[in-house]
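Trainee: This is the structure, below, for whatever I ask next.
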Amino acid sequence: MEIASKNNNLKIRGIAELGFLGVLSHQVQFSNSGTYINYVNEGGQDVLFPVSRLSLELEIRERHTLTFLYQPLRLETTTLLVRDLVIDDLVYPAGTGVNFLYNFPFYRISYMKELAPGSEKFDFALGASLQIRNATIEFESTDGTLFRSNRNIGPVPILKFRTRYTINNLTYTEIEADGFYAPVSYLNGSDNEVVGAILDASLRQGLNITDEVGAFLNLRYLGGGAVGTSDDEPGPGDGYVKNWLHFMTVTCGFVYAFPSF
């Protein structure tokens, strides 16, 4: 859904999504001696969580698209431990109430180039993204006596594609994916072997309501993680982290095409 500026060279769209997130699988470990924790079975992530997503798109001459995305991702749960957990050399005994915080919002800027210009039905764009992760992972006993926190900020380069099939003047189907798998140590110059991956893939069914407004239903898979040892980890713990997640989201969204200005 879009509206062109007067010279048809610039189009700006605002996109917002709101829905729920389900955790298919999520496991994490801090330090080589730590427990490999199953968030679904042991950390209270066996329920649905609200999720939202905001983005802006700038399309230039119908061939080049710049996007900026903000994805909040905050999962907070409280549960009673059924076994001892060891997190960065700290023991959380069975029977302890623990507040789990998994806060992993990210910011992503992307560029795509249209490879099928002129087609009335089919669009295919290929490009790349740069994502900034901003992670805070915490474990705090409900009495406040036990606490561990792991924080990390860093860039992640990603490949991107998007394809759309226009069914008729009212409806379209769109597939979009951002993906990356590589040895992170090679990218950041570390001597330690660190492997990271991400896949953000969606299937969207859209509806053109007016020339300015559109709506859609979106099914999204969000997965990835990393495993390895950090060079600059100050402790406690030895810096080893293993974190893999598989999420599914269902959202309804709206598109607004800004008038020319």
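As shown in the structure tokens, the chain order sets the letters A, B, ...; within each chain, residues go from 1, and ligands are also counted from 1 in the order they appear.
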List every residue of region 7-49 of chain A that DSSP, applied to the backbone of this structure, assigns to alpha helix (DSSP H), and report them as a list in words.
Mentor: Tyr39, Val40, Asn41 and Glu42 of chain A
Trainee: With N, CA and C atoms retained, could you export that selection as a CSV table (one decimal), in the first residue's frame?
Mentor:
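Result file out.csv:
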```csv
chain,number,residue,atom,x,y,z
A,39,TYR,N,14.0,-22.5,29.2
A,39,TYR,CA,13.1,-21.4,29.6
A,39,TYR,C,11.6,-21.9,29.6
A,40,VAL,N,11.3,-22.7,28.6
A,40,VAL,CA,9.9,-23.1,28.5
A,40,VAL,C,9.5,-24.0,29.7
A,41,ASN,N,10.3,-25.0,30.0
A,41,ASN,CA,9.9,-26.0,31.1
A,41,ASN,C,10.3,-25.5,32.5
A,42,GLU,N,11.3,-24.6,32.6
A,42,GLU,CA,11.9,-24.2,33.9
A,42,GLU,C,11.8,-22.7,34.1
```
Trainee: Show me a table, sorted first by chain and then by increasing residue number, of the residues of region 90-122 of chain A having an atom at most 9 Å from region 67-82 of chain A, each with its shortest atom pair and the distance in Å to one decimal, counting only C-alpha atoms and written as JSON lines.
Mentor:
```
{"residue": "A:Tyr92", "atom": "CA", "partner": "A:Leu81", "partner_atom": "CA", "distance": 8.1}
{"residue": "A:Pro93", "atom": "CA", "partner": "A:Leu81", "partner_atom": "CA", "distance": 7.4}
{"residue": "A:Ala94", "atom": "CA", "partner": "A:Leu81", "partner_atom": "CA", "distance": 4.9}
{"residue": "A:Gly95", "atom": "CA", "partner": "A:Leu81", "partner_atom": "CA", "distance": 5.1}
{"residue": "A:Thr96", "atom": "CA", "partner": "A:Leu81", "partner_atom": "CA", "distance": 5.5}
{"residue": "A:Gly97", "atom": "CA", "partner": "A:Leu80", "partner_atom": "CA", "distance": 4.4}
{"residue": "A:Val98", "atom": "CA", "partner": "A:Thr78", "partner_atom": "CA", "distance": 5.6}
{"residue": "A:Asn99", "atom": "CA", "partner": "A:Thr78", "partner_atom": "CA", "distance": 4.4}
{"residue": "A:Phe100", "atom": "CA", "partner": "A:Thr77", "partner_atom": "CA", "distance": 5.2}
{"residue": "A:Leu101", "atom": "CA", "partner": "A:Glu76", "partner_atom": "CA", "distance": 4.7}
{"residue": "A:Tyr102", "atom": "CA", "partner": "A:Leu75", "partner_atom": "CA", "distance": 5.1}
{"residue": "A:Asn103", "atom": "CA", "partner": "A:Arg74", "partner_atom": "CA", "distance": 4.3}
{"residue": "A:Phe104", "atom": "CA", "partner": "A:Leu73", "partner_atom": "CA", "distance": 5.2}
{"residue": "A:Pro105", "atom": "CA", "partner": "A:Pro72", "partner_atom": "CA", "distance": 4.4}
{"residue": "A:Phe106", "atom": "CA", "partner": "A:Gln71", "partner_atom": "CA", "distance": 5.4}
{"residue": "A:Tyr107", "atom": "CA", "partner": "A:Tyr70", "partner_atom": "CA", "distance": 4.8}
{"residue": "A:Arg108", "atom": "CA", "partner": "A:Leu69", "partner_atom": "CA", "distance": 5.0}
{"residue": "A:Ile109", "atom": "CA", "partner": "A:Phe68", "partner_atom": "CA", "distance": 4.6}
{"residue": "A:Ser110", "atom": "CA", "partner": "A:Thr67", "partner_atom": "CA", "distance": 5.1}
{"residue": "A:Tyr111", "atom": "CA", "partner": "A:Thr67", "partner_atom": "CA", "distance": 6.6}
{"residue": "A:Met112", "atom": "CA", "partner": "A:Thr67", "partner_atom": "CA", "distance": 8.5}
```
Trainee: Write out the residues from the selection above, keeping C-alpha atoms, as a compact mmCIF listing (two decimals), in the first residue's frame.
Mentor:
```txt
# COMPACT_ATOMS: atom_id res chain seq x y z
CA TYR A 92 19.94 -21.20 42.75
CA PRO A 93 18.60 -24.09 44.89
CA ALA A 94 15.50 -26.08 43.97
CA GLY A 95 12.43 -24.54 45.59
CA THR A 96 13.67 -20.96 45.07
CA GLY A 97 11.33 -18.46 43.47
CA VAL A 98 13.13 -16.73 40.59
CA ASN A 99 12.28 -13.73 38.42
CA PHE A 100 13.50 -14.33 34.85
CA LEU A 101 14.06 -11.38 32.54
CA TYR A 102 14.90 -11.91 28.87
CA ASN A 103 15.03 -8.46 27.27
CA PHE A 104 16.37 -8.57 23.73
CA PRO A 105 15.08 -5.59 21.68
CA PHE A 106 16.82 -4.84 18.40
CA TYR A 107 17.17 -2.05 15.89
CA ARG A 108 17.67 -2.82 12.19
CA ILE A 109 18.43 -0.66 9.17
CA SER A 110 18.10 -2.28 5.75
CA TYR A 111 18.65 -1.56 2.08
CA MET A 112 16.97 -3.47 -0.77
```
Trainee: Neighbours of Asn169 (chain A) within 10 Å (only C-alpha atoms; same-chain residues fewer than 4 positions away dropped), as a list in words?
Mentor: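 So, after excluding close chain neighbours, the residues are Leu207, Asn208 and Ile209 of chain A.
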Trainee: If you count only C-alpha atoms, which residues fall within 10 Å of region 62-65 of chain A, apart from same-chain ones fewer than 6 positions away, as a PDB file with N, CA and C atoms, in the first residue's frame?
Mentor:
```
ATOM      1  N   ALA A   4       2.366   7.943  -3.918  1.00  0.00           N
ATOM      2  CA  ALA A   4       3.575   8.553  -4.467  1.00  0.00           C
ATOM      3  C   ALA A   4       3.597  10.044  -4.182  1.00  0.00           C
ATOM      4  N   ASN A   8       6.816  11.235  -8.170  1.00  0.00           N
ATOM      5  CA  ASN A   8       6.795   9.775  -8.207  1.00  0.00           C
ATOM      6  C   ASN A   8       8.158   9.153  -7.907  1.00  0.00           C
ATOM      7  N   ASN A   9       9.051   9.921  -7.276  1.00  0.00           N
ATOM      8  CA  ASN A   9      10.384   9.419  -6.974  1.00  0.00           C
ATOM      9  C   ASN A   9      10.539   9.008  -5.513  1.00  0.00           C
ATOM     10  N   LEU A  10       9.635   9.449  -4.655  1.00  0.00           N
ATOM     11  CA  LEU A  10       9.804   9.216  -3.225  1.00  0.00           C
ATOM     12  C   LEU A  10       8.493   8.754  -2.600  1.00  0.00           C
ATOM     13  N   LYS A  11       8.546   7.641  -1.892  1.00  0.00           N
ATOM     14  CA  LYS A  11       7.385   7.112  -1.180  1.00  0.00           C
ATOM     15  C   LYS A  11       7.805   6.762   0.242  1.00  0.00           C
ATOM     16  N   ILE A  12       6.993   7.145   1.206  1.00  0.00           N
ATOM     17  CA  ILE A  12       7.291   6.896   2.614  1.00  0.00           C
ATOM     18  C   ILE A  12       6.116   6.163   3.241  1.00  0.00           C
ATOM     19  N   SER A 110      17.957  -1.396   6.902  1.00  0.00           N
ATOM     20  CA  SER A 110      18.099  -2.284   5.747  1.00  0.00           C
ATOM     21  C   SER A 110      18.071  -1.495   4.448  1.00  0.00           C
ATOM     22  N   TYR A 111      18.728  -2.085   3.446  1.00  0.00           N
ATOM     23  CA  TYR A 111      18.651  -1.564   2.078  1.00  0.00           C
ATOM     24  C   TYR A 111      18.292  -2.721   1.149  1.00  0.00           C
ATOM     25  N   MET A 112      17.345  -2.472   0.226  1.00  0.00           N
ATOM     26  CA  MET A 112      16.965  -3.469  -0.769  1.00  0.00           C
ATOM     27  C   MET A 112      16.871  -2.815  -2.139  1.00  0.00           C
ATOM     28  N   LYS A 113      17.217  -3.597  -3.165  1.00  0.00           N
ATOM     29  CA  LYS A 113      17.067  -3.143  -4.538  1.00  0.00           C
ATOM     30  C   LYS A 113      16.086  -4.058  -5.259  1.00  0.00           C
ATOM     31  N   GLU A 114      15.131  -3.448  -5.959  1.00  0.00           N
ATOM     32  CA  GLU A 114      14.129  -4.194  -6.716  1.00  0.00           C
ATOM     33  C   GLU A 114      14.771  -4.814  -7.952  1.00  0.00           C
ATOM     34  N   LEU A 115      14.598  -6.142  -8.117  1.00  0.00           N
ATOM     35  CA  LEU A 115      15.208  -6.861  -9.226  1.00  0.00           C
ATOM     36  C   LEU A 115      14.223  -7.230 -10.325  1.00  0.00           C
ATOM     37  N   ALA A 116      12.951  -6.904 -10.118  1.00  0.00           N
ATOM     38  CA  ALA A 116      11.945  -7.196 -11.147  1.00  0.00           C
ATOM     39  C   ALA A 116      11.133  -5.941 -11.435  1.00  0.00           C
ATOM     40  N   PRO A 117      11.792  -4.873 -11.882  1.00  0.00           N
ATOM     41  CA  PRO A 117      11.068  -3.618 -12.136  1.00  0.00           C
ATOM     42  C   PRO A 117      10.111  -3.763 -13.315  1.00  0.00           C
ATOM     43  N   GLY A 118       9.003  -3.043 -13.216  1.00  0.00           N
ATOM     44  CA  GLY A 118       8.053  -3.045 -14.326  1.00  0.00           C
ATOM     45  C   GLY A 118       6.991  -4.117 -14.266  1.00  0.00           C
ATOM     46  N   ALA A 125      12.926  -8.134  -4.208  1.00  0.00           N
ATOM     47  CA  ALA A 125      13.998  -7.224  -3.810  1.00  0.00           C
ATOM     48  C   ALA A 125      15.018  -7.972  -2.965  1.00  0.00           C
ATOM     49  N   LEU A 126      16.287  -7.623  -3.168  1.00  0.00           N
ATOM     50  CA  LEU A 126      17.390  -8.267  -2.456  1.00  0.00           C
ATOM     51  C   LEU A 126      18.283  -7.194  -1.860  1.00  0.00           C
ATOM     52  N   GLY A 127      18.811  -7.465  -0.648  1.00  0.00           N
ATOM     53  CA  GLY A 127      19.658  -6.463  -0.021  1.00  0.00           C
ATOM     54  C   GLY A 127      20.319  -6.977   1.239  1.00  0.00           C
TER      55      GLY A 127
END
```
Trainee: Name the closest residue to Gly43 (chain A) among the candidates A:Leu85, A:Leu170, A:Ala16, A:Leu66; distances are taken between atoms, counting only C-alpha atoms.
Mentor: A:Leu85
Trainee: At a cut-off of 6 Å, using only C-alpha atoms, what residues contact region 141-154 of chain A? Leave out same-chain residues fewer than 3 positions from it and give the result as a list in words.
Mentor: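 Neighbouring residues, sequence-local ones excluded: Gly97, Val98, Ile132, Arg133, Asn134, Ala135, Thr136, Ile137 and Glu138 of chain A.
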Trainee: Out of region 11-236 of chain A, which residues get strand (DSSP E or B) from DSSP, as an NGL selection string?
Mentor: :A and (11-30 or 37-38 or 49-60 or 64-71 or 74-80 or 85-87 or 90-92 or 97-103 or 106-114 or 122-141 or 147-166 or 171-183 or 195-208 or 213-229)
Trainee: Show which residues sit within 8 Å of region 161-165 of chain A, as a list in words. Count only C-alpha atoms, and ignore same-chain residues fewer than 6 positions away.
Mentor: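 Result of the neighbour search: Met112, Lys121, Phe122, Asp123, Phe124, Ala125, Leu126, Gly127, Ala128, Tyr172, Thr173, Glu174, Ile175, Glu176, Ala177 and Asp178 of chain A.
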Trainee: Rank A:Leu222, A:Val86, A:Cys252, A:Ala197 by their smallest atom-to-atom distance to Gln29 (chain A), using only C-alpha atoms, and report the top residue only.
Mentor: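 Nearest candidate to Gln29 (chain A) out of A:Leu222, A:Val86, A:Cys252, A:Ala197: A:Val86.
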Trainee: CA of Asp88 (chain A) and CA of Leu199 (chain A), how far apart in Å?
Mentor: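 Value for the CA of Leu199 (chain A)-CA of Asp88 (chain A) distance: 27.8 Å.
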Trainee: Just give me the gap between CA of Glu212 (chain A) and CA of Arg53 (chain A) in Å, one decimal is fine.
Mentor: 19.7 Å
Trainee: Please measure the separation of CA of Leu203 (chain A) and CA of Phe180 (chain A), giving the value in Å to one decimal.
Mentor: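 Separation of CA of Leu203 (chain A) and CA of Phe180 (chain A): 18.5 Å.
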